[in-house]
file data-v6.pdb (PDB, C-alpha atoms and all ligand atoms)
ATOM      1  CA  MET B  24      81.463 110.550  81.543
ATOM      2  CA  LYS B  25      85.117 109.658  82.057
ATOM      3  CA  ARG B  26      86.176 107.289  84.805
ATOM      4  CA  SER B  27      88.896 108.129  87.264
ATOM      5  CA  VAL B  28      90.875 106.145  89.792
ATOM      6  CA  ALA B  29      92.584 108.189  92.539
ATOM      7  CA  ILE B  30      95.570 106.591  94.251
ATOM      8  CA  ASP B  31      97.061 108.576  97.123
ATOM      9  CA  GLY B  32      99.764 107.773  99.618
ATOM     10  CA  PRO B  33     103.264 108.648 100.864
ATOM     11  CA  SER B  34     106.379 108.199  98.751
ATOM     12  CA  GLY B  35     107.636 104.642  98.485
ATOM     13  CA  SER B  36     104.199 103.131  99.092
ATOM     14  CA  GLY B  37     104.405 101.639  95.589
ATOM     15  CA  LYS B  38     101.879 104.115  94.196
ATOM     16  CA  SER B  39     103.532 105.024  90.920
ATOM     17  CA  THR B  40     104.527 101.537  89.818
ATOM     18  CA  ILE B  41     101.158 100.101  90.787
ATOM     19  CA  ALA B  42      99.239 103.015  89.215
ATOM     20  CA  ARG B  43     101.215 102.641  85.969
ATOM     21  CA  LEU B  44     100.620  98.889  85.734
ATOM     22  CA  THR B  45      96.956  99.303  86.608
ATOM     23  CA  ALA B  46      96.403 102.035  84.028
ATOM     24  CA  LYS B  47      97.933  99.800  81.373
ATOM     25  CA  LYS B  48      95.732  96.882  82.371
ATOM     26  CA  TYR B  49      92.498  98.881  82.056
ATOM     27  CA  GLY B  50      93.604 101.042  79.099
ATOM     28  CA  PHE B  51      93.466 104.262  81.167
ATOM     29  CA  ILE B  52      96.000 107.126  81.076
ATOM     30  CA  TYR B  53      98.424 107.162  84.010
ATOM     31  CA  VAL B  54      98.966 110.594  85.554
ATOM     32  CA  ASP B  55     101.850 110.911  88.024
ATOM     33  CA  THR B  56     101.055 114.240  89.727
ATOM     34  CA  GLY B  57     104.218 114.094  91.868
ATOM     35  CA  ALA B  58     106.181 114.559  88.633
ATOM     36  CA  ILE B  59     104.304 117.829  88.022
ATOM     37  CA  TYR B  60     105.278 119.168  91.487
ATOM     38  CA  ARG B  61     108.816 117.924  90.874
ATOM     39  CA  SER B  62     108.993 119.914  87.623
ATOM     40  CA  VAL B  63     108.056 123.091  89.510
ATOM     41  CA  GLY B  64     110.621 122.163  92.188
ATOM     42  CA  LEU B  65     113.326 121.708  89.548
ATOM     43  CA  PHE B  66     112.541 125.077  87.961
ATOM     44  CA  VAL B  67     112.704 126.843  91.336
ATOM     45  CA  LYS B  68     115.989 125.111  92.181
ATOM     46  CA  MET B  69     117.512 126.050  88.802
ATOM     47  CA  SER B  70     116.426 129.658  89.244
ATOM     48  CA  GLY B  71     118.456 129.842  92.465
ATOM     49  CA  ALA B  72     115.495 130.603  94.760
ATOM     50  CA  GLY B  73     115.275 128.864  98.151
ATOM     51  CA  SER B  74     112.785 125.986  98.363
ATOM     52  CA  LYS B  75     110.831 127.741 101.122
ATOM     53  CA  ASP B  76     110.886 131.246  99.634
ATOM     54  CA  SER B  77     107.170 131.472  98.900
ATOM     55  CA  LYS B  78     107.295 135.050  97.545
ATOM     56  CA  ALA B  79     110.103 134.247  95.097
ATOM     57  CA  VAL B  80     108.341 131.062  93.973
ATOM     58  CA  GLU B  81     105.098 132.962  93.341
ATOM     59  CA  LYS B  82     106.981 135.400  91.086
ATOM     60  CA  LEU B  83     108.505 132.518  89.119
ATOM     61  CA  LEU B  84     105.214 130.756  88.335
ATOM     62  CA  PRO B  85     104.349 132.772  85.183
ATOM     63  CA  GLU B  86     107.674 131.648  83.684
ATOM     64  CA  ILE B  87     106.801 127.968  84.074
ATOM     65  CA  LYS B  88     105.197 126.045  81.243
ATOM     66  CA  ILE B  89     104.603 122.372  81.882
ATOM     67  CA  ASP B  90     103.435 119.832  79.305
ATOM     68  CA  ILE B  91     102.841 116.145  79.784
ATOM     69  CA  ARG B  92     103.536 113.735  76.920
ATOM     70  CA  TYR B  93     103.105 110.000  76.706
ATOM     71  CA  ASP B  94     105.387 107.788  74.639
ATOM     72  CA  ALA B  95     104.268 104.693  72.742
ATOM     73  CA  ASP B  96     104.607 102.579  75.926
ATOM     74  CA  GLY B  97     102.371 104.963  77.875
ATOM     75  CA  VAL B  98     105.329 106.285  79.878
ATOM     76  CA  GLN B  99     104.747 109.843  81.086
ATOM     77  CA  HIS B 100     107.301 112.485  80.102
ATOM     78  CA  MET B 101     107.502 115.888  81.765
ATOM     79  CA  ILE B 102     108.292 118.779  79.443
ATOM     80  CA  LEU B 103     109.397 121.895  81.312
ATOM     81  CA  ASN B 104     109.621 124.969  79.085
ATOM     82  CA  GLY B 105     110.207 122.736  76.074
ATOM     83  CA  GLU B 106     112.794 120.443  77.670
ATOM     84  CA  ASP B 107     112.210 116.817  78.694
ATOM     85  CA  VAL B 108     113.139 116.798  82.404
ATOM     86  CA  SER B 109     111.736 113.347  83.243
ATOM     87  CA  GLU B 110     115.130 112.086  84.500
ATOM     88  CA  ARG B 111     116.320 115.293  86.154
ATOM     89  CA  ILE B 112     113.304 115.539  88.463
ATOM     90  CA  ARG B 113     114.159 112.262  90.224
ATOM     91  CA  THR B 114     117.095 113.387  92.393
ATOM     92  CA  PRO B 115     116.838 113.624  96.212
ATOM     93  CA  GLU B 116     117.389 117.433  96.085
ATOM     94  CA  VAL B 117     114.485 117.884  93.699
ATOM     95  CA  SER B 118     112.334 115.674  96.004
ATOM     96  CA  ILE B 119     112.860 118.160  98.835
ATOM     97  CA  TYR B 120     112.185 121.157  96.547
ATOM     98  CA  ALA B 121     109.000 119.488  95.290
ATOM     99  CA  SER B 122     107.795 118.798  98.825
ATOM    100  CA  ASP B 123     108.554 122.366  99.990
ATOM    101  CA  VAL B 124     106.961 124.180  97.029
ATOM    102  CA  SER B 125     103.939 121.858  97.133
ATOM    103  CA  ALA B 126     102.993 123.336 100.531
ATOM    104  CA  MET B 127     102.471 126.774  98.890
ATOM    105  CA  PRO B 128      98.823 127.607  98.062
ATOM    106  CA  HIS B 129      99.723 129.491  94.856
ATOM    107  CA  VAL B 130     101.671 126.471  93.554
ATOM    108  CA  ARG B 131      98.758 124.124  94.250
ATOM    109  CA  ALA B 132      96.270 126.498  92.610
ATOM    110  CA  PHE B 133      98.585 126.849  89.586
ATOM    111  CA  LEU B 134      98.573 123.062  89.043
ATOM    112  CA  LEU B 135      94.983 122.208  89.928
ATOM    113  CA  ASP B 136      93.279 122.930  86.580
ATOM    114  CA  MET B 137      95.914 121.045  84.640
ATOM    115  CA  GLN B 138      95.230 117.886  86.681
ATOM    116  CA  ARG B 139      91.440 118.227  86.480
ATOM    117  CA  GLU B 140      91.558 118.854  82.733
ATOM    118  CA  LEU B 141      93.344 115.528  82.188
ATOM    119  CA  ALA B 142      90.593 113.718  84.104
ATOM    120  CA  ARG B 143      87.927 115.531  82.067
ATOM    121  CA  ARG B 144      89.491 114.362  78.814
ATOM    122  CA  TYR B 145      90.623 110.835  79.585
ATOM    123  CA  ASP B 146      89.908 107.800  81.742
ATOM    124  CA  VAL B 147      92.725 108.191  84.269
ATOM    125  CA  VAL B 148      94.571 106.485  87.049
ATOM    126  CA  MET B 149      95.996 109.502  88.861
ATOM    127  CA  ASP B 150      98.397 109.226  91.774
ATOM    128  CA  GLY B 151      99.495 111.824  94.310
ATOM    129  CA  ARG B 152      98.729 113.077  97.808
ATOM    130  CA  ASP B 153      95.392 114.901  97.457
ATOM    131  CA  ILE B 154      93.754 113.330  94.415
ATOM    132  CA  GLY B 155      90.844 111.706  96.266
ATOM    133  CA  THR B 156      90.417 114.621  98.677
ATOM    134  CA  VAL B 157      90.898 117.751  96.530
ATOM    135  CA  VAL B 158      91.731 117.228  92.849
ATOM    136  CA  LEU B 159      89.082 114.606  92.024
ATOM    137  CA  PRO B 160      86.695 114.424  94.983
ATOM    138  CA  ASP B 161      84.174 112.619  92.732
ATOM    139  CA  ALA B 162      86.641 109.970  91.503
ATOM    140  CA  SER B 163      84.965 106.650  90.692
ATOM    141  CA  VAL B 164      87.509 104.750  92.816
ATOM    142  CA  LYS B 165      89.730 106.036  95.645
ATOM    143  CA  ILE B 166      92.606 104.048  97.069
ATOM    144  CA  PHE B 167      95.026 105.021  99.829
ATOM    145  CA  LEU B 168      98.271 103.039  99.671
ATOM    146  CA  THR B 169     100.764 102.996 102.473
ATOM    147  CA  ALA B 170     103.615 100.954 104.032
ATOM    148  CA  SER B 171     105.928 101.317 107.024
ATOM    149  CA  PRO B 172     108.609 104.066 106.695
ATOM    150  CA  GLU B 173     111.406 101.441 106.699
ATOM    151  CA  ALA B 174     109.808  99.398 103.929
ATOM    152  CA  ARG B 175     109.239 102.543 101.854
ATOM    153  CA  ALA B 176     112.804 103.832 102.368
ATOM    154  CA  LYS B 177     114.197 100.415 101.432
ATOM    155  CA  ARG B 178     112.271 100.422  98.138
ATOM    156  CA  ARG B 179     113.272 104.007  97.318
ATOM    157  CA  HIS B 180     116.926 103.263  98.175
ATOM    158  CA  LEU B 181     116.974 100.285  95.790
ATOM    159  CA  GLU B 182     115.384 102.408  93.057
ATOM    160  CA  LEU B 183     117.960 105.197  93.429
ATOM    161  CA  LYS B 184     120.861 102.719  93.530
ATOM    162  CA  ALA B 185     119.563 101.017  90.391
ATOM    163  CA  LYS B 186     119.725 104.428  88.700
ATOM    164  CA  GLY B 187     123.368 104.745  89.757
ATOM    165  CA  LEU B 188     122.787 107.409  92.447
ATOM    166  CA  ASP B 189     125.155 107.112  95.388
ATOM    167  CA  VAL B 190     122.983 107.680  98.488
ATOM    168  CA  SER B 191     122.941 105.847 101.817
ATOM    169  CA  PHE B 192     119.869 104.133 103.268
ATOM    170  CA  GLU B 193     119.980 106.538 106.252
ATOM    171  CA  GLU B 194     119.889 109.544 103.917
ATOM    172  CA  VAL B 195     116.910 108.125 102.035
ATOM    173  CA  LEU B 196     115.073 107.334 105.293
ATOM    174  CA  SER B 197     115.694 110.792 106.723
ATOM    175  CA  ASP B 198     114.593 112.536 103.464
ATOM    176  CA  MET B 199     111.485 110.390 103.518
ATOM    177  CA  GLU B 200     110.674 111.227 107.124
ATOM    178  CA  TYR B 201     111.153 114.926 106.321
ATOM    179  CA  ARG B 202     108.782 114.692 103.360
ATOM    180  CA  ASP B 203     106.216 112.616 105.296
ATOM    181  CA  ARG B 204     106.089 115.311 107.984
ATOM    182  CA  ASN B 205     105.987 118.152 105.442
ATOM    183  CA  ASP B 206     103.357 116.582 103.189
ATOM    184  CA  SER B 207     101.085 115.473 106.055
ATOM    185  CA  SER B 208     101.299 118.575 108.227
ATOM    186  CA  ARG B 209     100.855 121.352 105.643
ATOM    187  CA  GLU B 210      97.676 123.403 105.950
ATOM    188  CA  ILE B 211      96.523 123.071 102.371
ATOM    189  CA  ALA B 212      95.647 119.698 100.841
ATOM    190  CA  PRO B 213      97.678 117.601 103.294
ATOM    191  CA  LEU B 214      98.327 113.925 102.653
ATOM    192  CA  LYS B 215      95.422 112.088 104.249
ATOM    193  CA  PRO B 216      93.060 109.325 103.184
ATOM    194  CA  ALA B 217      89.732 110.455 101.711
ATOM    195  CA  ALA B 218      86.844 109.336 103.918
ATOM    196  CA  ASP B 219      85.567 107.087 101.117
ATOM    197  CA  SER B 220      88.938 105.581 100.131
ATOM    198  CA  VAL B 221      89.970 101.941 100.378
ATOM    199  CA  PHE B 222      93.088 101.601 102.558
ATOM    200  CA  ILE B 223      95.787  99.133 101.431
ATOM    201  CA  ASP B 224      98.971  98.513 103.452
ATOM    202  CA  THR B 225     101.733  97.142 101.182
ATOM    203  CA  THR B 226     104.424  96.621 103.889
ATOM    204  CA  ASN B 227     104.264  92.842 103.630
ATOM    205  CA  LEU B 228     103.038  92.556 100.054
ATOM    206  CA  THR B 229     105.099  92.013  96.909
ATOM    207  CA  LEU B 230     104.557  94.331  93.958
ATOM    208  CA  GLU B 231     102.416  91.666  92.273
ATOM    209  CA  GLU B 232     100.285  91.192  95.388
ATOM    210  CA  SER B 233      99.818  94.951  95.834
ATOM    211  CA  THR B 234      98.855  95.412  92.181
ATOM    212  CA  GLU B 235      96.431  92.513  92.475
ATOM    213  CA  ALA B 236      94.815  94.070  95.587
ATOM    214  CA  VAL B 237      94.388  97.401  93.769
ATOM    215  CA  SER B 238      92.994  95.740  90.631
ATOM    216  CA  LYS B 239      90.470  93.856  92.730
ATOM    217  CA  VAL B 240      89.102  97.100  94.196
ATOM    218  CA  ILE B 241      88.933  98.753  90.754
ATOM    219  CA  SER B 242      87.289  95.778  89.060
ATOM    220  CA  GLU B 243      84.654  95.570  91.795
ATOM    221  CA  LYS B 244      83.882  99.300  91.819
ATOM    222  CA  LEU B 245      83.861  99.802  88.062
ATOM    223  CA  GLY B 246      82.385  96.450  87.145
ATOM    224  CA  LEU B 247      85.329  95.711  84.817
TER
HETATM  225  O1  LIG K   1     105.009 111.410  94.527
HETATM  226  P1  LIG K   1     106.356 112.154  94.563
HETATM  227  O2  LIG K   1     107.236 111.659  95.666
HETATM  228  O3  LIG K   1     107.033 112.174  93.237
HETATM  229  O4  LIG K   1     105.946 113.683  94.909
HETATM  230  C1  LIG K   1     106.895 114.702  95.109
HETATM  231  C2  LIG K   1     106.342 115.750  96.088
HETATM  232  O5  LIG K   1     105.242 116.449  95.482
HETATM  233  C3  LIG K   1     105.784 115.182  97.390
HETATM  234  O6  LIG K   1     106.746 115.225  98.433
HETATM  235  C4  LIG K   1     104.600 116.052  97.725
HETATM  236  C5  LIG K   1     104.227 116.712  96.433
HETATM  237  N1  LIG K   1     102.937 116.250  95.902
HETATM  238  C6  LIG K   1     101.803 116.871  96.362
HETATM  239  O7  LIG K   1     101.892 117.717  97.242
HETATM  240  N2  LIG K   1     100.593 116.547  95.844
HETATM  241  C7  LIG K   1     100.482 115.598  94.906
HETATM  242  N3  LIG K   1      99.272 115.311  94.401
HETATM  243  C8  LIG K   1     101.638 114.918  94.436
HETATM  244  C9  LIG K   1     102.857 115.266  94.973
END
call {"tool": "encode", "arguments": {"input": "data-v6.pdb", "output": "structure tokens", "more": "lines below"}}
Ligand code: DC
result
Amino acid sequence: MKRSVAIDGPSGSGKSTIARLTAKKYGFIYVDTGAIYRSVGLFVKMSGAGSKDSKAVEKLLPEIKIDIRYDADGVQHMILNGEDVSERIRTPEVSIYASDVSAMPHVRAFLLDMQRELARRYDVVMDGRDIGTVVLPDASVKIFLTASPEARAKRRHLELKAKGLDVSFEEVLSDMEYRDRNDSSREIAPLKPAADSVFIDTTNLTLEESTEAVSKVISEKLGL
């Protein structure tokens, strides 16, 4: 029986960095499910369809082939129809596309098996919005990470600037508020803590402190 750790929360809560470090520590595979939605978002954007055009997106799905590869350092790479798009999926425009297409039931159904299959095959730390509630309701450990919108926007802004993207803090904050509303208010698999999740607020914690808090929960629950 494989073990799985579900980490859910809004963007900028520190999820991906913490999940990656934690997976490394325990020798689990890290699965960033946001990157999978982003790959669909990128494909839809490149095809010229609108991000909210559900009918057009549904028609495009059969043309999408997504593979996940891990390099020697355990870093996840997204392969979209044979091309490594790991960098291209990180722009603010693709964030909005990913959030919009992720509200569509056919997109979620299309990606569900792929995520569950990974957890069947490997010990995983999987992060996203609905991992503890929908994708892996029987996960061994469920954590919900959050932080204030300002703290999250500040972190995301620094990340984007470090990558050389020229965006203002206000733009990042307003994109984040848009996505928070979208991701939490959609009918299907909205962002919400699973009833049996452990809630961790990282607003006033450093990355090290947040990772430590997450590790503590995992070690206790899994007896590691
Ligand atoms: O984690 P992220 O910011 O890279 O995710 C991009 C978008 O994908 C996010 O706005 C909502 C969607 N998403 C989702 O609906 N369910 C998940 N499990 C992961 C991401």
call {"tool": "resolve_selection", "arguments": {"input": "data-v6.pdb", "expression": "the PyMOL selection byres (((chain B and resi 81-89) around 7) and not hetatm)", "output": "list of chain:residue names"}}
result
B:Ser77, B:Lys78, B:Ala79, B:Val80, B:Asp90, B:Ile91, B:Ile102, B:Leu103, B:Asn104, B:His129
call {"tool": "resolve_selection", "arguments": {"input": "data-v6.pdb", "expression": "the PyMOL selection byres (((not hetatm)) within 7 of (chain K and resi 1))", "output": "MDAnalysis selection string"}}
result
chainID B and resid 34 56:58 60:61 118:119 121:122 125:126 150:154 202 206
call {"tool": "closest_residue", "arguments": {"input": "data-v6.pdb", "among": "B:Thr114, B:Ile59, B:Asn227, B:Ala218", "to": "His180 of chain B", "atoms": "only C-alpha atoms"}}
result
B:Thr114
call {"tool": "atom_distance", "arguments": {"input": "data-v6.pdb", "atom1": "atom CA of Ile211 of chain B", "atom2": "atom CA of Lys165 of chain B"}}
result
19.5 Å
call {"tool": "residues_around", "arguments": {"input": "data-v6.pdb", "residues": "Ile241 of chain B", "least_positions_apart": "6", "cutoff": "9 Å", "atoms": "all atoms listed in the file", "output": "PDB file with C-alpha atoms, in the coordinates of the input"}}
result
ATOM      1  CA  VAL B  28      90.875 106.145  89.792  1.00  0.00           C
ATOM      2  CA  SER B 163      84.965 106.650  90.692  1.00  0.00           C
ATOM      3  CA  VAL B 164      87.509 104.750  92.816  1.00  0.00           C
ATOM      4  CA  LYS B 165      89.730 106.036  95.645  1.00  0.00           C
ATOM      5  CA  LEU B 247      85.329  95.711  84.817  1.00  0.00           C
TER       6      LEU B 247
END
call {"tool": "axis_aligned_box", "arguments": {"input": "data-v6.pdb", "around": "segment 210-220 of chain B", "padding_each_side": "8 Å", "output": "AutoDock Vina command-line options"}}
result
--center_x 91.9 --center_y 114.5 --center_z 103.0 --size_x 28.8 --size_y 33.8 --size_z 21.8
call {"tool": "atom_distance", "arguments": {"input": "data-v6.pdb", "atom1": "atom CA of Ser62 of chain B", "atom2": "atom CA of Asp161 of chain B"}}
result
26.4 Å
call {"tool": "closest_residue", "arguments": {"input": "data-v6.pdb", "among": "B:Met24, B:Ile166, B:Val67, B:Val221", "to": "Ile112 of chain B", "atoms": "all atoms listed in the file"}}
result
B:Val67
call {"tool": "closest_residue", "arguments": {"input": "data-v6.pdb", "among": "B:Arg175, B:Lys184, B:Lys239, B:Arg131", "to": "Gly32 of chain B", "atoms": "only C-alpha atoms"}}
result
B:Arg175
call {"tool": "closest_residue", "arguments": {"input": "data-v6.pdb", "among": "B:Val54, B:Ser197, B:Gly187, B:Phe66", "to": "Met137 of chain B", "atoms": "only C-alpha atoms"}}
result
B:Val54
call {"tool": "closest_residue", "arguments": {"input": "data-v6.pdb", "among": "B:Leu196, B:Phe133, B:Leu181, B:Phe167", "to": "Met149 of chain B", "atoms": "all atoms listed in the file"}}
result
B:Phe167
call {"tool": "closest_residue", "arguments": {"input": "data-v6.pdb", "among": "B:Leu65, B:Ala170, B:Leu214, B:Ala176", "to": "Ser233 of chain B", "atoms": "only C-alpha atoms"}}
result
B:Ala170
